[in-house]
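So this one's query.cif, mmCIF, C-alpha atoms:
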```cif
data_start
loop_
_atom_site.label_atom_id
_atom_site.label_comp_id
_atom_site.auth_asym_id
_atom_site.auth_seq_id
_atom_site.Cartn_x
_atom_site.Cartn_y
_atom_site.Cartn_z
CA MET A 1 -47.07 28.16 41.95
CA ASN A 2 -45.78 26.32 38.97
CA ASP A 3 -47.88 23.30 38.16
CA ARG A 4 -46.05 22.19 35.05
CA PRO A 5 -44.84 18.61 35.38
CA LYS A 6 -41.19 17.91 36.08
CA ALA A 7 -38.95 15.86 33.80
CA VAL A 8 -35.43 14.58 34.24
CA VAL A 9 -33.52 15.00 30.97
CA LEU A 10 -30.27 13.12 30.43
CA LEU A 11 -27.96 15.67 28.87
CA SER A 12 -24.60 14.59 27.50
CA GLY A 13 -23.76 17.88 25.85
CA GLY A 14 -24.15 16.42 22.37
CA LEU A 15 -26.54 17.25 19.59
CA ASP A 16 -29.14 14.58 20.33
CA SER A 17 -29.63 15.16 24.04
CA ALA A 18 -29.77 18.92 23.50
CA THR A 19 -32.64 18.32 21.10
CA ALA A 20 -34.31 15.98 23.60
CA LEU A 21 -34.12 18.77 26.19
CA ALA A 22 -35.64 21.25 23.74
CA ILE A 23 -38.47 18.80 23.04
CA ALA A 24 -39.15 18.25 26.75
CA ARG A 25 -39.35 22.01 27.25
CA GLU A 26 -41.61 22.38 24.21
CA GLU A 27 -43.91 19.72 25.64
CA GLY A 28 -44.34 21.83 28.77
CA PHE A 29 -42.04 20.11 31.23
CA VAL A 30 -39.96 21.86 33.86
CA CYS A 31 -36.60 20.33 33.03
CA TYR A 32 -34.05 18.92 35.46
CA ALA A 33 -31.01 18.23 33.33
CA LEU A 34 -28.74 15.41 34.45
CA SER A 35 -25.23 14.88 33.12
CA VAL A 36 -22.78 12.15 34.01
CA ASP A 37 -19.03 12.35 34.30
CA TYR A 38 -18.19 8.70 33.66
CA ASP A 39 -14.47 9.26 33.06
CA GLN A 40 -15.23 9.77 29.40
CA ARG A 41 -12.37 10.81 27.20
CA HIS A 42 -14.42 13.69 25.83
CA ARG A 43 -15.11 15.46 29.11
CA ALA A 44 -15.46 18.67 27.13
CA GLU A 45 -19.02 17.51 26.47
CA LEU A 46 -19.79 18.25 30.12
CA ASP A 47 -18.93 21.93 29.63
CA ALA A 48 -21.20 21.87 26.60
CA ALA A 49 -23.95 20.33 28.72
CA ARG A 50 -23.74 23.24 31.15
CA ARG A 51 -24.05 25.75 28.33
CA VAL A 52 -26.95 23.88 26.74
CA ALA A 53 -28.84 23.47 30.03
CA THR A 54 -28.63 27.20 30.64
CA ALA A 55 -29.48 28.18 27.09
CA LEU A 56 -32.54 25.92 27.01
CA GLY A 57 -33.84 27.07 30.38
CA ALA A 58 -33.40 23.93 32.49
CA LEU A 59 -34.49 24.73 36.04
CA ASP A 60 -31.73 22.56 37.45
CA HIS A 61 -28.61 20.90 36.11
CA ARG A 62 -26.41 18.53 38.00
CA THR A 63 -23.52 16.30 37.05
CA VAL A 64 -23.07 12.96 38.78
CA SER A 65 -19.74 11.15 38.70
CA ILE A 66 -19.47 7.43 37.94
CA GLY A 67 -15.96 6.01 37.96
CA LEU A 68 -16.19 3.84 34.86
CA GLY A 69 -12.45 4.24 34.36
CA THR A 70 -12.14 1.66 37.14
CA ILE A 71 -13.83 -0.85 34.84
CA GLY A 72 -12.60 0.39 31.46
CA GLY A 73 -13.19 -1.78 28.43
CA SER A 74 -14.10 1.04 26.05
CA ALA A 75 -12.19 3.53 23.94
CA LEU A 76 -14.10 6.20 25.82
CA THR A 77 -13.11 5.08 29.32
CA ASP A 78 -9.69 3.49 28.81
CA PRO A 79 -7.03 5.87 27.44
CA ALA A 80 -5.09 2.84 26.15
CA ILE A 81 -7.86 1.94 23.66
CA ALA A 82 -7.83 4.21 20.61
CA VAL A 83 -10.98 5.81 19.21
CA PRO A 84 -11.59 4.32 15.75
CA GLU A 85 -11.08 6.90 13.02
CA GLN A 86 -12.45 4.79 10.17
CA PRO A 87 -15.87 3.16 9.81
CA THR A 88 -15.84 -0.34 11.34
CA ASP A 89 -18.03 -3.39 10.93
CA GLY A 90 -20.26 -4.09 13.90
CA ILE A 91 -20.27 -2.26 17.19
CA PRO A 92 -17.19 -0.03 17.43
CA GLY A 93 -14.73 0.20 20.31
CA THR A 94 -16.40 3.34 21.59
CA TYR A 95 -19.21 1.18 22.94
CA VAL A 96 -19.32 1.54 26.75
CA PRO A 97 -20.73 -1.63 28.35
CA ALA A 98 -24.06 -1.01 30.10
CA ARG A 99 -23.72 2.77 29.83
CA ASN A 100 -27.34 3.58 29.09
CA THR A 101 -28.55 1.17 31.77
CA LEU A 102 -26.43 3.15 34.22
CA LEU A 103 -27.55 6.53 32.91
CA LEU A 104 -31.23 5.61 32.99
CA ALA A 105 -30.83 4.09 36.46
CA LEU A 106 -29.40 7.39 37.68
CA ALA A 107 -32.20 9.30 35.98
CA LEU A 108 -34.72 6.96 37.56
CA GLY A 109 -33.29 7.55 41.02
CA HIS A 110 -33.14 11.31 40.49
CA ALA A 111 -36.71 11.36 39.19
CA GLU A 112 -37.90 9.53 42.29
CA VAL A 113 -36.09 11.94 44.60
CA ILE A 114 -37.56 15.06 42.97
CA ASP A 115 -40.94 13.42 42.33
CA ALA A 116 -40.76 13.62 38.55
CA ALA A 117 -42.80 11.13 36.54
CA ASP A 118 -41.01 11.65 33.23
CA ILE A 119 -37.51 10.97 31.95
CA PHE A 120 -36.18 12.07 28.55
CA VAL A 121 -33.23 10.39 26.85
CA GLY A 122 -31.81 11.30 23.44
CA VAL A 123 -31.04 7.82 22.17
CA ASN A 124 -31.32 7.19 18.46
CA ALA A 125 -31.40 3.93 16.54
CA VAL A 126 -31.18 5.19 12.95
CA ASP A 127 -27.98 7.19 12.35
CA TYR A 128 -26.08 5.62 15.22
CA SER A 129 -23.17 3.35 16.04
CA GLY A 130 -25.18 0.18 16.62
CA TYR A 131 -24.99 0.36 20.41
CA PRO A 132 -27.56 -2.14 21.75
CA ASP A 133 -28.72 0.21 24.49
CA CYS A 134 -29.90 2.82 22.01
CA ARG A 135 -32.59 0.59 20.49
CA PRO A 136 -36.35 0.54 21.08
CA ALA A 137 -36.15 -2.99 22.59
CA PHE A 138 -33.81 -1.70 25.29
CA ILE A 139 -35.92 1.34 26.11
CA ALA A 140 -39.09 -0.78 26.29
CA LYS A 141 -37.44 -3.24 28.65
CA PHE A 142 -36.03 -0.51 30.86
CA GLN A 143 -39.55 0.91 31.08
CA GLU A 144 -40.76 -2.44 32.39
CA LEU A 145 -37.88 -2.55 34.85
CA ALA A 146 -38.70 0.93 36.15
CA ALA A 147 -42.15 -0.28 37.17
CA VAL A 148 -40.71 -2.83 39.60
CA ALA A 149 -37.39 -1.22 40.56
CA THR A 150 -38.44 1.74 42.67
CA LYS A 151 -40.84 2.68 45.44
CA ALA A 152 -42.56 5.07 43.05
CA GLY A 153 -42.79 2.29 40.47
CA VAL A 154 -44.45 -0.25 42.74
CA GLU A 155 -46.83 2.45 43.96
CA GLY A 156 -47.93 3.09 40.38
CA ARG A 157 -46.09 6.42 40.09
CA GLY A 158 -43.19 5.06 38.08
CA ALA A 159 -41.39 7.22 35.59
CA ARG A 160 -42.23 7.16 31.90
CA ILE A 161 -39.19 6.95 29.64
CA HIS A 162 -39.40 9.24 26.62
CA ALA A 163 -37.02 8.61 23.72
CA PRO A 164 -38.38 11.13 21.22
CA LEU A 165 -35.48 10.83 18.76
CA ILE A 166 -35.27 7.08 18.59
CA ASP A 167 -36.76 6.73 15.09
CA LEU A 168 -35.45 9.96 13.55
CA THR A 169 -32.58 10.37 11.13
CA LYS A 170 -29.74 12.64 12.23
CA ALA A 171 -30.89 15.19 9.67
CA ASP A 172 -34.40 15.14 11.12
CA ILE A 173 -33.00 15.59 14.63
CA ILE A 174 -31.06 18.61 13.42
CA ARG A 175 -34.14 20.07 11.74
CA CYS A 176 -36.23 19.46 14.85
CA GLY A 177 -33.67 20.88 17.29
CA SER A 178 -33.07 23.88 15.07
CA ALA A 179 -36.78 24.65 14.92
CA LEU A 180 -36.86 24.53 18.72
CA GLY A 181 -33.96 26.95 19.12
CA VAL A 182 -31.08 24.61 19.87
CA ASP A 183 -27.70 26.26 19.27
CA PHE A 184 -25.81 23.29 17.87
CA GLY A 185 -22.60 25.32 17.91
CA ALA A 186 -22.73 24.99 21.70
CA THR A 187 -22.92 21.19 21.60
CA VAL A 188 -20.00 18.73 21.49
CA SER A 189 -20.44 15.33 19.84
CA CYS A 190 -16.82 14.34 19.16
CA TYR A 191 -15.52 11.30 21.06
CA GLN A 192 -12.10 12.88 21.29
CA ALA A 193 -12.94 16.54 21.56
CA ASP A 194 -10.09 18.59 22.98
CA ALA A 195 -10.35 20.61 26.18
CA GLN A 196 -11.86 23.50 24.24
CA GLY A 197 -14.50 21.18 22.77
CA LYS A 198 -12.96 21.22 19.28
CA ALA A 199 -13.82 18.16 17.22
CA CYS A 200 -11.58 15.66 15.43
CA GLY A 201 -13.87 15.31 12.42
CA VAL A 202 -13.00 11.66 11.88
CA CYS A 203 -14.56 9.61 14.70
CA ASP A 204 -17.91 7.85 14.29
CA SER A 205 -19.74 10.54 16.18
CA CYS A 206 -18.19 13.36 14.12
CA ARG A 207 -19.01 11.54 10.87
CA LEU A 208 -22.66 10.97 11.81
CA ARG A 209 -23.00 14.59 12.89
CA ALA A 210 -21.37 16.11 9.81
CA GLU A 211 -23.45 13.92 7.51
CA GLY A 212 -26.58 15.00 9.37
CA PHE A 213 -25.89 18.68 8.75
CA ARG A 214 -25.08 17.93 5.12
CA VAL A 215 -28.32 15.99 4.52
CA ALA A 216 -30.38 18.56 6.40
CA GLY A 217 -28.84 21.29 4.25
CA PHE A 218 -27.73 23.24 7.31
CA PRO A 219 -24.33 24.89 7.74
CA ASP A 220 -22.27 22.75 10.12
CA PRO A 221 -21.47 24.91 13.18
CA THR A 222 -19.00 22.39 14.62
CA ARG A 223 -15.66 23.82 15.70
CA TYR A 224 -13.04 21.51 14.23
CA ARG A 225 -9.41 21.42 15.26
CA MET B 1 -4.48 -22.27 32.72
CA ASN B 2 -7.51 -21.79 34.85
CA ASP B 3 -10.70 -22.78 33.08
CA ARG B 4 -13.11 -22.14 35.91
CA PRO B 5 -15.80 -19.66 34.88
CA LYS B 6 -15.63 -16.06 36.05
CA ALA B 7 -18.29 -14.36 38.11
CA VAL B 8 -18.74 -10.75 39.14
CA VAL B 9 -19.91 -10.63 42.76
CA LEU B 10 -21.41 -7.42 44.14
CA LEU B 11 -19.84 -7.05 47.57
CA SER B 12 -21.10 -4.40 49.95
CA GLY B 13 -19.13 -5.58 52.95
CA GLY B 14 -22.24 -6.76 54.75
CA LEU B 15 -23.32 -10.20 55.84
CA ASP B 16 -25.46 -11.08 52.84
CA SER B 17 -23.05 -10.22 50.06
CA ALA B 18 -20.20 -11.95 51.90
CA THR B 19 -22.32 -15.10 51.90
CA ALA B 20 -23.12 -14.63 48.22
CA LEU B 21 -19.39 -14.44 47.51
CA ALA B 22 -18.79 -17.63 49.50
CA ILE B 23 -21.54 -19.37 47.53
CA ALA B 24 -20.09 -18.25 44.19
CA ARG B 25 -16.69 -19.60 45.23
CA GLU B 26 -18.26 -22.85 46.43
CA GLU B 27 -19.99 -23.20 43.06
CA GLY B 28 -16.60 -23.09 41.36
CA PHE B 29 -16.45 -19.54 40.04
CA VAL B 30 -13.35 -17.40 39.93
CA CYS B 31 -14.69 -14.35 41.73
CA TYR B 32 -14.28 -10.72 40.72
CA ALA B 33 -15.66 -8.76 43.65
CA LEU B 34 -17.16 -5.37 42.89
CA SER B 35 -17.92 -2.78 45.55
CA VAL B 36 -19.45 0.65 45.10
CA ASP B 37 -18.70 3.84 46.97
CA TYR B 38 -21.99 5.64 46.42
CA ASP B 39 -21.44 8.31 49.07
CA GLN B 40 -23.07 6.01 51.59
CA ARG B 41 -23.06 7.14 55.18
CA HIS B 42 -21.59 3.80 56.25
CA ARG B 43 -18.42 3.89 54.18
CA ALA B 44 -16.84 1.61 56.74
CA GLU B 45 -18.55 -1.21 54.87
CA LEU B 46 -16.08 -0.67 52.03
CA ASP B 47 -13.17 -1.50 54.33
CA ALA B 48 -15.09 -4.59 55.36
CA ALA B 49 -15.56 -5.48 51.68
CA ARG B 50 -11.80 -5.40 51.17
CA ARG B 51 -11.24 -7.73 54.11
CA VAL B 52 -13.99 -10.11 52.99
CA ALA B 53 -12.79 -10.21 49.37
CA THR B 54 -9.31 -11.16 50.53
CA ALA B 55 -10.48 -13.69 53.11
CA LEU B 56 -12.75 -15.43 50.63
CA GLY B 57 -10.16 -15.58 47.90
CA ALA B 58 -11.59 -13.22 45.31
CA LEU B 59 -9.16 -13.00 42.41
CA ASP B 60 -9.90 -9.32 41.95
CA HIS B 61 -11.67 -6.64 43.94
CA ARG B 62 -12.39 -3.15 42.77
CA THR B 63 -14.43 -0.29 44.11
CA VAL B 64 -16.25 2.01 41.72
CA SER B 65 -17.43 5.45 42.82
CA ILE B 66 -20.91 6.75 42.04
CA GLY B 67 -21.69 10.23 43.34
CA LEU B 68 -25.20 9.59 44.63
CA GLY B 69 -24.70 12.37 47.18
CA THR B 70 -25.34 14.70 44.23
CA ILE B 71 -28.86 13.30 44.04
CA GLY B 72 -29.50 12.50 47.72
CA GLY B 73 -33.01 11.59 48.76
CA SER B 74 -32.02 8.82 51.19
CA ALA B 75 -30.85 8.66 54.78
CA LEU B 76 -27.81 6.82 53.43
CA THR B 77 -26.78 9.47 50.90
CA ASP B 78 -27.99 12.73 52.47
CA PRO B 79 -26.42 13.51 55.86
CA ALA B 80 -29.41 15.74 56.66
CA ILE B 81 -31.81 12.77 56.67
CA ALA B 82 -31.55 10.71 59.86
CA VAL B 83 -31.32 6.93 59.85
CA PRO B 84 -34.50 5.56 61.49
CA GLU B 85 -33.73 3.94 64.84
CA GLN B 86 -37.17 2.44 65.37
CA PRO B 87 -39.12 0.05 63.16
CA THR B 88 -41.22 1.97 60.64
CA ASP B 89 -44.25 1.10 58.54
CA GLY B 90 -43.52 0.70 54.86
CA ILE B 91 -40.21 1.32 53.14
CA PRO B 92 -37.86 3.17 55.50
CA GLY B 93 -35.86 6.31 54.78
CA THR B 94 -32.73 4.26 54.19
CA TYR B 95 -34.15 3.26 50.82
CA VAL B 96 -31.83 4.54 48.08
CA PRO B 97 -33.78 5.19 44.86
CA ALA B 98 -32.71 2.88 42.03
CA ARG B 99 -29.64 1.65 43.94
CA ASN B 100 -29.78 -1.98 42.86
CA THR B 101 -30.50 -1.02 39.27
CA LEU B 102 -27.30 1.01 39.38
CA LEU B 103 -25.28 -1.71 41.10
CA LEU B 104 -26.45 -4.42 38.72
CA ALA B 105 -25.80 -2.14 35.74
CA LEU B 106 -22.22 -1.66 36.92
CA ALA B 107 -21.85 -5.39 37.46
CA LEU B 108 -23.26 -6.01 33.99
CA GLY B 109 -20.75 -3.65 32.43
CA HIS B 110 -17.87 -5.11 34.41
CA ALA B 111 -18.93 -8.65 33.49
CA GLU B 112 -18.93 -7.72 29.82
CA VAL B 113 -15.48 -6.17 30.03
CA ILE B 114 -13.91 -9.21 31.72
CA ASP B 115 -16.00 -11.69 29.71
CA ALA B 116 -17.84 -13.15 32.70
CA ALA B 117 -21.24 -14.73 32.11
CA ASP B 118 -22.36 -14.76 35.73
CA ILE B 119 -23.22 -12.08 38.29
CA PHE B 120 -23.96 -12.73 41.95
CA VAL B 121 -25.94 -10.34 44.12
CA GLY B 122 -26.85 -10.87 47.77
CA VAL B 123 -30.36 -9.43 47.73
CA ASN B 124 -32.90 -10.94 50.08
CA ALA B 125 -36.67 -10.53 50.17
CA VAL B 126 -37.48 -12.26 53.45
CA ASP B 127 -35.77 -10.58 56.41
CA TYR B 128 -35.32 -7.24 54.68
CA SER B 129 -36.47 -3.64 54.71
CA GLY B 130 -39.04 -3.92 51.93
CA TYR B 131 -36.86 -2.31 49.29
CA PRO B 132 -38.53 -2.99 45.92
CA ASP B 133 -35.23 -3.73 44.20
CA CYS B 134 -34.50 -6.70 46.46
CA ARG B 135 -37.50 -8.73 45.25
CA PRO B 136 -37.64 -11.61 42.77
CA ALA B 137 -39.75 -9.54 40.35
CA PHE B 138 -36.98 -6.98 40.11
CA ILE B 139 -34.22 -9.53 39.59
CA ALA B 140 -36.27 -11.33 36.92
CA LYS B 141 -36.88 -8.08 35.05
CA PHE B 142 -33.25 -7.04 35.26
CA GLN B 143 -32.33 -10.41 33.80
CA GLU B 144 -34.58 -9.66 30.82
CA LEU B 145 -33.03 -6.22 30.47
CA ALA B 146 -29.51 -7.67 30.49
CA ALA B 147 -30.39 -9.70 27.39
CA VAL B 148 -31.04 -6.56 25.33
CA ALA B 149 -28.80 -4.00 27.05
CA THR B 150 -25.32 -5.12 26.11
CA LYS B 151 -23.33 -6.36 23.15
CA ALA B 152 -22.79 -9.66 24.96
CA GLY B 153 -26.54 -9.87 25.62
CA VAL B 154 -27.62 -9.38 22.04
CA GLU B 155 -24.98 -11.88 20.94
CA GLY B 156 -26.48 -14.48 23.27
CA ARG B 157 -23.64 -14.31 25.80
CA GLY B 158 -25.53 -12.18 28.30
CA ALA B 159 -24.85 -12.48 32.00
CA ARG B 160 -26.99 -14.64 34.26
CA ILE B 161 -28.03 -12.92 37.48
CA HIS B 162 -27.73 -15.17 40.54
CA ALA B 163 -29.54 -14.11 43.70
CA PRO B 164 -28.92 -17.19 45.86
CA LEU B 165 -30.16 -15.63 49.11
CA ILE B 166 -33.38 -14.14 47.84
CA ASP B 167 -35.70 -16.66 49.50
CA LEU B 168 -33.66 -17.38 52.64
CA THR B 169 -34.29 -16.10 56.15
CA LYS B 170 -31.49 -14.11 57.75
CA ALA B 171 -30.83 -17.06 60.07
CA ASP B 172 -30.49 -19.39 57.09
CA ILE B 173 -28.10 -16.97 55.41
CA ILE B 174 -25.98 -16.95 58.57
CA ARG B 175 -26.00 -20.74 58.76
CA CYS B 176 -25.09 -21.01 55.08
CA GLY B 177 -22.32 -18.41 55.23
CA SER B 178 -20.91 -19.90 58.39
CA ALA B 179 -20.77 -23.37 56.83
CA LEU B 180 -18.85 -21.85 53.91
CA GLY B 181 -16.29 -20.17 56.14
CA VAL B 182 -17.50 -16.58 56.18
CA ASP B 183 -16.07 -14.62 59.11
CA PHE B 184 -19.09 -12.49 59.96
CA GLY B 185 -17.00 -10.55 62.45
CA ALA B 186 -15.26 -9.01 59.43
CA THR B 187 -18.53 -7.81 57.89
CA VAL B 188 -20.31 -4.50 58.53
CA SER B 189 -24.08 -4.26 58.15
CA CYS B 190 -24.87 -1.14 60.20
CA TYR B 191 -26.27 1.84 58.28
CA GLN B 192 -24.43 4.21 60.55
CA ALA B 193 -21.30 2.27 61.37
CA ASP B 194 -18.51 4.46 62.68
CA ALA B 195 -15.14 4.78 60.97
CA GLN B 196 -13.92 1.64 62.76
CA GLY B 197 -16.95 -0.29 61.52
CA LYS B 198 -18.61 -0.42 64.94
CA ALA B 199 -22.36 -0.83 64.79
CA CYS B 200 -25.17 1.25 66.30
CA GLY B 201 -27.32 -1.75 67.17
CA VAL B 202 -30.57 0.12 66.58
CA CYS B 203 -30.95 0.71 62.83
CA ASP B 204 -33.03 -1.59 60.64
CA SER B 205 -29.98 -3.38 59.32
CA CYS B 206 -28.55 -3.97 62.82
CA ARG B 207 -31.89 -5.27 64.06
CA LEU B 208 -32.30 -7.74 61.19
CA ARG B 209 -28.73 -8.93 61.65
CA ALA B 210 -28.91 -9.38 65.43
CA GLU B 211 -32.20 -11.22 65.15
CA GLY B 212 -30.67 -13.49 62.52
CA PHE B 213 -27.84 -14.53 64.83
CA ARG B 214 -30.31 -15.03 67.68
CA VAL B 215 -32.62 -17.25 65.60
CA ALA B 216 -29.70 -19.19 64.13
CA GLY B 217 -28.39 -19.76 67.65
CA PHE B 218 -24.98 -18.33 66.76
CA PRO B 219 -23.00 -15.93 68.92
CA ASP B 220 -23.27 -12.44 67.40
CA PRO B 221 -19.73 -11.35 66.42
CA THR B 222 -20.81 -7.77 65.65
CA ARG B 223 -18.66 -5.07 67.22
CA TYR B 224 -21.08 -2.62 68.75
CA ARG B 225 -20.19 0.88 69.88
#
```
Please render this file's structure as structure tokens.
Amino acid sequence: MNDRPKAVVLLSGGLDSATALAIAREEGFVCYALSVDYDQRHRAELDAARRVATALGALDHRTVSIGLGTIGGSALTDPAIAVPEQPTDGIPGTYVPARNTLLLALALGHAEVIDAADIFVGVNAVDYSGYPDCRPAFIAKFQELAAVATKAGVEGRGARIHAPLIDLTKADIIRCGSALGVDFGATVSCYQADAQGKACGVCDSCRLRAEGFRVAGFPDPTRYR
Amino acid sequence: MNDRPKAVVLLSGGLDSATALAIAREEGFVCYALSVDYDQRHRAELDAARRVATALGALDHRTVSIGLGTIGGSALTDPAIAVPEQPTDGIPGTYVPARNTLLLALALGHAEVIDAADIFVGVNAVDYSGYPDCRPAFIAKFQELAAVATKAGVEGRGARIHAPLIDLTKADIIRCGSALGVDFGATVSCYQADAQGKACGVCDSCRLRAEGFRVAGFPDPTRYR
């Protein structure tokens, strides 16, 4: 019998969440990877998530659909809104309203169903796009919510939210993931990756990623178009 | 030009959320009804939601899909788990882990996209099934989360969560809705309603509803099988 604790790990298929999964495994958790098809433009990241989950030994990996295209309002969920290809002031148009609240809510529900007391999420508030739901204040408040939102929570078995990358630079995330065996060539970060997962090289996510490899002094394994 | 404020109203198709929609309209909001197909057993409630949204003059009504069947763990989302037909101690098997966190997160995102500062939800913590995410403590904490979770929130334009039924008895909700013109015959509360929306009469939701009509002294318009 396996008595290692279970963790739900939100896995987008990008560099950060792959590293979060590697950290959860390193910390001794049996990992249940959870991906979300939210009508994102870059659905190729979901294929990457499958590869990463397998490569990093997740016991389970499932993909839940959320029809955010019905709501739109983001360059990632409305095809009529272009992905910015230059740095912008403030929060860019790739911001998806309430996305991380939704993703953590799903993770919270999944954790309760499988009786897992730990949730890992790869949010980062250093080399990021300024999304409010990637910041420590958001994670802390969601943790408080989890304690009152579920049966497990009110019974004192609520899930702990781990955000191990939140204070790291992108270069540090890359160093950490690399040391833990993450194959970054299998990950997809680009907001407008093509069906084969090839990256544009010019969106916010591509820029942050490329700069991370440069600063870390690692060869960039990204497949560009 | 219409300068009435916008509100997102979560609309399940049941009695409570129909009343919440009527209250939002009465308070002067232009209502954007939002329903969620979460693989619930009683999908007939979504047809009811469409009827109710139209009858109560919602300006917009959309239904977002969330594939909770992928996670399961509830009698409402896993066909292999039976709906309890007798009163049970504690939280019954119809509890859906993290459901209201998910629904409010969707409403929060939708509100941000359409620039609405108000969200209505028909949760009730008096004549209810003990679900933790129907209680005032949950709503209060979600309100705090909303302030840090979105761009609108951090800019001080975060959505207010209205839960106007939370302290009412079912009979009071029925009296209130009736006074505001809700046609309860068009609503579906049953957890195992058939495709025509006909009710079982024995699940928790049917029992609470029938007792509400009895206590209010109103004829019960529910269509039973």
Write out as a Markdown table a residue-level contact list of chain A versus chain B with cut-off 9 Å: for each qualifying residue the closest pair of atoms and the distance in Å to one decimal, counting all atoms listed in the file, rows sorted by chain and residue number upward.
```
| residue | atom | partner | partner_atom | distance |
| --- | --- | --- | --- | --- |
| A:Arg62 | CA | B:Thr70 | CA | 7.4 |
| A:Thr63 | CA | B:Thr70 | CA | 7.6 |
| A:Val64 | CA | B:Gly67 | CA | 5.5 |
| A:Ser65 | CA | B:Gly67 | CA | 5.1 |
| A:Ile66 | CA | B:Ile66 | CA | 4.4 |
| A:Gly67 | CA | B:Ser65 | CA | 5.1 |
| A:Leu68 | CA | B:Val64 | CA | 7.1 |
| A:Gly69 | CA | B:Val64 | CA | 8.6 |
| A:Thr70 | CA | B:Val64 | CA | 6.2 |
| A:Ile71 | CA | B:His110 | CA | 5.9 |
| A:Gly72 | CA | B:Val113 | CA | 7.3 |
| A:Gly73 | CA | B:Val113 | CA | 5.2 |
| A:Ser74 | CA | B:Val113 | CA | 8.4 |
| A:Ile91 | CA | B:Lys151 | CA | 7.9 |
| A:Tyr95 | CA | B:Lys151 | CA | 8.6 |
| A:Val96 | CA | B:Gly109 | CA | 7.8 |
| A:Pro97 | CA | B:Gly109 | CA | 4.6 |
| A:Ala98 | CA | B:Gly109 | CA | 4.8 |
| A:Arg99 | CA | B:Gly109 | CA | 7.5 |
| A:Asn100 | CA | B:Ala149 | CA | 8.0 |
| A:Thr101 | CA | B:Ala105 | CA | 5.9 |
| A:Leu102 | CA | B:Ala105 | CA | 5.5 |
| A:Leu103 | CA | B:Leu102 | CA | 8.5 |
| A:Leu104 | CA | B:Leu102 | CA | 8.8 |
| A:Ala105 | CA | B:Leu102 | CA | 5.5 |
| A:Leu106 | CA | B:Leu102 | CA | 6.9 |
| A:Ala107 | CA | B:Ala98 | CA | 8.8 |
| A:Leu108 | CA | B:Ala98 | CA | 6.4 |
| A:Gly109 | CA | B:Pro97 | CA | 4.5 |
| A:His110 | CA | B:Ile71 | CA | 5.9 |
| A:Ala111 | CA | B:Pro97 | CA | 8.9 |
| A:Glu112 | CA | B:Pro97 | CA | 6.5 |
| A:Val113 | CA | B:Gly73 | CA | 5.2 |
| A:Ile114 | CA | B:Gly73 | CA | 8.1 |
| A:Tyr131 | CA | B:Lys151 | CA | 7.4 |
| A:Pro132 | CA | B:Thr150 | CA | 5.7 |
| A:Asp133 | CA | B:Ala149 | CA | 4.9 |
| A:Cys134 | CA | B:Ala149 | CA | 8.6 |
| A:Arg135 | CA | B:Val148 | CA | 8.8 |
| A:Ala137 | CA | B:Val148 | CA | 6.8 |
| A:Phe138 | CA | B:Val148 | CA | 5.6 |
| A:Ile139 | CA | B:Ala149 | CA | 8.9 |
| A:Lys141 | CA | B:Leu145 | CA | 5.6 |
| A:Phe142 | CA | B:Leu145 | CA | 6.5 |
| A:Glu144 | CA | B:Lys141 | CA | 7.3 |
| A:Leu145 | CA | B:Lys141 | CA | 5.6 |
| A:Ala146 | CA | B:Ala98 | CA | 8.6 |
| A:Ala147 | CA | B:Phe138 | CA | 9.0 |
| A:Val148 | CA | B:Phe138 | CA | 5.6 |
| A:Ala149 | CA | B:Asp133 | CA | 4.9 |
| A:Thr150 | CA | B:Pro132 | CA | 5.7 |
| A:Lys151 | CA | B:Pro132 | CA | 6.1 |
| A:Ala152 | CA | B:Pro97 | CA | 9.0 |
| A:Gly153 | CA | B:Pro132 | CA | 8.7 |
| A:Val154 | CA | B:Pro132 | CA | 7.3 |
```
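For the structure in this document, the set picked by the PyMOL selection byres ((chain B and resi 159) around 7) is Leu108, Ala117, Asp118, Ile119, Ala146, Arg157, Gly158, Arg160 and Ile161 of chain B.
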Q) Can you tell me how far CA of Arg50 in chain B sits from CA of Ala193 in chain B, in Å to one decimal? A) 15.9 Å
Q: Might you pull out every residue within 12 Å of range 30-33 of chain A, with only C-alpha atoms counted and same-chain residues fewer than 4 positions away left off, and present them as number ranges by chain?
A: A: 2-13, 17-18, 20-26, 46, 49-64, 106-107, 110-111, 113-121; B: 71
Considering all atoms listed in the file, tabulate each residue of range 25-121 of chain A that lies at most 8 Å from range 204-217 of chain A along with its nearest interatomic pair and the corresponding distance in Å to one decimal; arrange the rows by chain and ascending residue number and present them as a Markdown table.
```
| residue | atom | partner | partner_atom | distance |
| --- | --- | --- | --- | --- |
| A:Pro84 | CA | A:Asp204 | CA | 7.4 |
| A:Glu85 | CA | A:Asp204 | CA | 7.0 |
| A:Gln86 | CA | A:Asp204 | CA | 7.5 |
| A:Pro87 | CA | A:Asp204 | CA | 6.8 |
```
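Using only C-alpha atoms, the contacts of Asp16 in chain A at a cut-off of 7 Å, with sequence neighbours closer than 3 positions omitted, comprise A:Thr19, A:Ala20, A:Gly122, A:Ile173.
The space separating CA of Gly177 in chain A from CA of Ser189 in chain A comes to 14.6 Å.
Compared by their closest atoms to Phe184 in chain A, and using only C-alpha atoms, the residues A:Ala199, A:Ala44, A:Leu15, A:Phe218 rank with A:Leu15 nearest.
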**Q.** Atomic separation - CA of Asn124 in chain A relative to CA of Arg43 in chain A, Å
**A.** 21.1 Å
Axis-aligned box for all listed atoms of range 41-47 of chain A, 5 Å per side, centre and edges in Å to one decimal, as lines of an AutoDock Vina configuration file:
```
center_x = -16.1
center_y = 16.4
center_z = 28.0
size_x = 17.4
size_y = 21.1
size_z = 14.3
```
